[in-house]
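Undergrad: One structure, as structure tokens, below. Some questions next.
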Amino acid sequence: MKIFVPLLAAIGLVRAVDITDCHKHGDDVYCMTPDGGEVQVLLDNPPAGDPPSEYTDCHSHGDTSYCVDADGNDVEILGEITTGSSTDSSTGTSSEETSTDSSEEQNCHFHAGVEHCVGAGESESGGSSQPSCGVQSRDYDMPLRIGTLFVVLVTSSIGVFLPMGLVKLPSASINVWASTIIKQFGTGVILSTAFVHLYTHADLMFGNECLGGLEYEATTSAVVMAGIFLSFLTEYIGHRYLLARAARSPSPSQPADNGSNVSPKSAADAVAQPHQHNTLAGLGHHHGGDPTNPNTKLSVLVMEAGVIFHSILIGITLVVAGDSFYKTLLVVIVFHQFFEGLALGARIALLPGRTFPTKAIMGAAFALVTPIGMAIGMGVIHSFNGQDRHTLIALGTLDALSAGILVWVGVVDMWARDWVIEGGDMMNAPYGHVTAGGISLIAGMVLMGVLGKWA
């Protein structure tokens, strides 16, 4: 057959083209057509490893397309193969028409390790194809996944504990510069994680065809708003409780710890003074260098809650992705966890008190949560169905809630409180620090936003 196809193509009876860049989605083989479309190669025995890079001399028999493999055998192609704008003599249709059909082929890809399929395509029976919502059979290299679990653990640990070491630098000047750059970079990372990663992933989950469609189109935004409200409510109630407790419990040693010359007063008197009872906007900072202010810790705990929800989902969905996507996703997740660790570690490092045990426990919780998620994913790897309705609802809801938590933390507790609320680190900072902080903030947004293309 391989001898006759070029001859038939020369006299216009068939149109011989090649399909290239062949790759696998699970056990299915797909190739790219000359016009940029994607077609599926129907094989009786799909290769266990990488498929052939191309199939040549593609042609049609009636309404069915075939290409020739390396052994000279015909393989059936599901989808239209088009080139340019020439007319197909076998069907009488122009390539613009068939190109439109090709663009409608179902294209499956991964976001955060969960498969999403777009496009309507044509089924073998000629009708509109339906998305596959069952458990997908994929290749899983378990030794690779076990090994990379420790890679993620080490990377997350370095990211979250590095800022805690940098704030201990003996030089006060270097300490301030390092703190400013890492802290503002982390703010950008958290903002980008909330909007580019979590909000987008939640929207993809809720928009998945296997969910059957949601009657309320603003589901994602509504759940994100709920996450913002829950974060606000947690911090508000927590701050009110702490203020009330301070008012009931005199603490004469507090002014001495601040290093001020003011005579000791009860915490109730201090809270009653306008400059200390200046609404909740001023909470969360070490005003006057007060190392006993616990409100910063509350804000960081809210932030860590959102990050942990997100990270455990990352761990689960990473390992259930097929081998053809796993390595790419792994690289992206490693950078993602390192940057997110820097963001969280920078805030933990500035909390009052010693590194051990509180700060170390908070850092360890972040470092361990993604590997724990990966271990859970490996336990359910052969039964996990990312297209199941209940799974989509659960993942979408958790992603959206995490997005809301990080929107509140990123915009209010980090960005606004550092830059525009009275007493913020950047309000009266030297212009050099402001410039470095602004560049770091933008860099965090951009770098984490770029990673959103793959994860």
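The chains in the structure tokens are called A, B, ... from first to last as shown; in each chain the residues are counted from 1, and the ligands are counted from 1 in the order shown.
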Using only C-alpha atoms, determine which residues lie at most 8 Å from range 201-206 of chain A, disregarding the query and same-chain residues fewer than 5 positions distant; provide the list as a ChimeraX atom specification.
TA: /A:111-112,116,211,213-214,219-220,392-393,395-400
Undergrad: Write out as a ChimeraX atom specification each polymer residue whose atoms come within 12 Å of Phe232 in chain A, counting only C-alpha atoms; drop sequence neighbours fewer than 5 positions from it.
TA: /A:225-227,237-239,280-281,298-299,302-303,404-409,411-413
Undergrad: Just want the 7 Å neighbourhood of Gly444 in chain A, counted on only C-alpha atoms, with same-chain residues fewer than 4 positions away dropped. Output as a compact mmCIF listing (two decimals) with C-alpha atoms, in the first residue's frame.
TA:
```
# COMPACT_ATOMS: atom_id res chain seq x y z
CA PHE A 185 7.61 38.56 46.50
CA GLY A 186 5.50 36.26 48.67
CA GLY A 188 2.68 38.55 44.73
CA VAL A 189 2.85 34.74 44.82
CA SER A 440 9.48 41.89 44.09
CA MET A 448 3.42 32.45 39.62
```
Undergrad: A:Thr20, A:Phe150, A:Leu313, A:Pro51: which is nearest Asp35 in chain A, counting only C-alpha atoms?
TA: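 With only C-alpha atoms as the atom set, the closest residue is A:Thr20.
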Undergrad: Find the distance between CA of Thr180 in chain A and CA of Pro357 in chain A and write it in Å to one decimal.
TA: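 Taking CA of Thr180 in chain A and CA of Pro357 in chain A, their separation equals 24.5 Å.
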Undergrad: Which one is closest to Gly341 in chain A: A:Pro47, A:Val223, A:Val152, A:Ile442? Count only C-alpha atoms.
TA: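 Using only C-alpha atoms, Gly341 in chain A sits closest to A:Val152.
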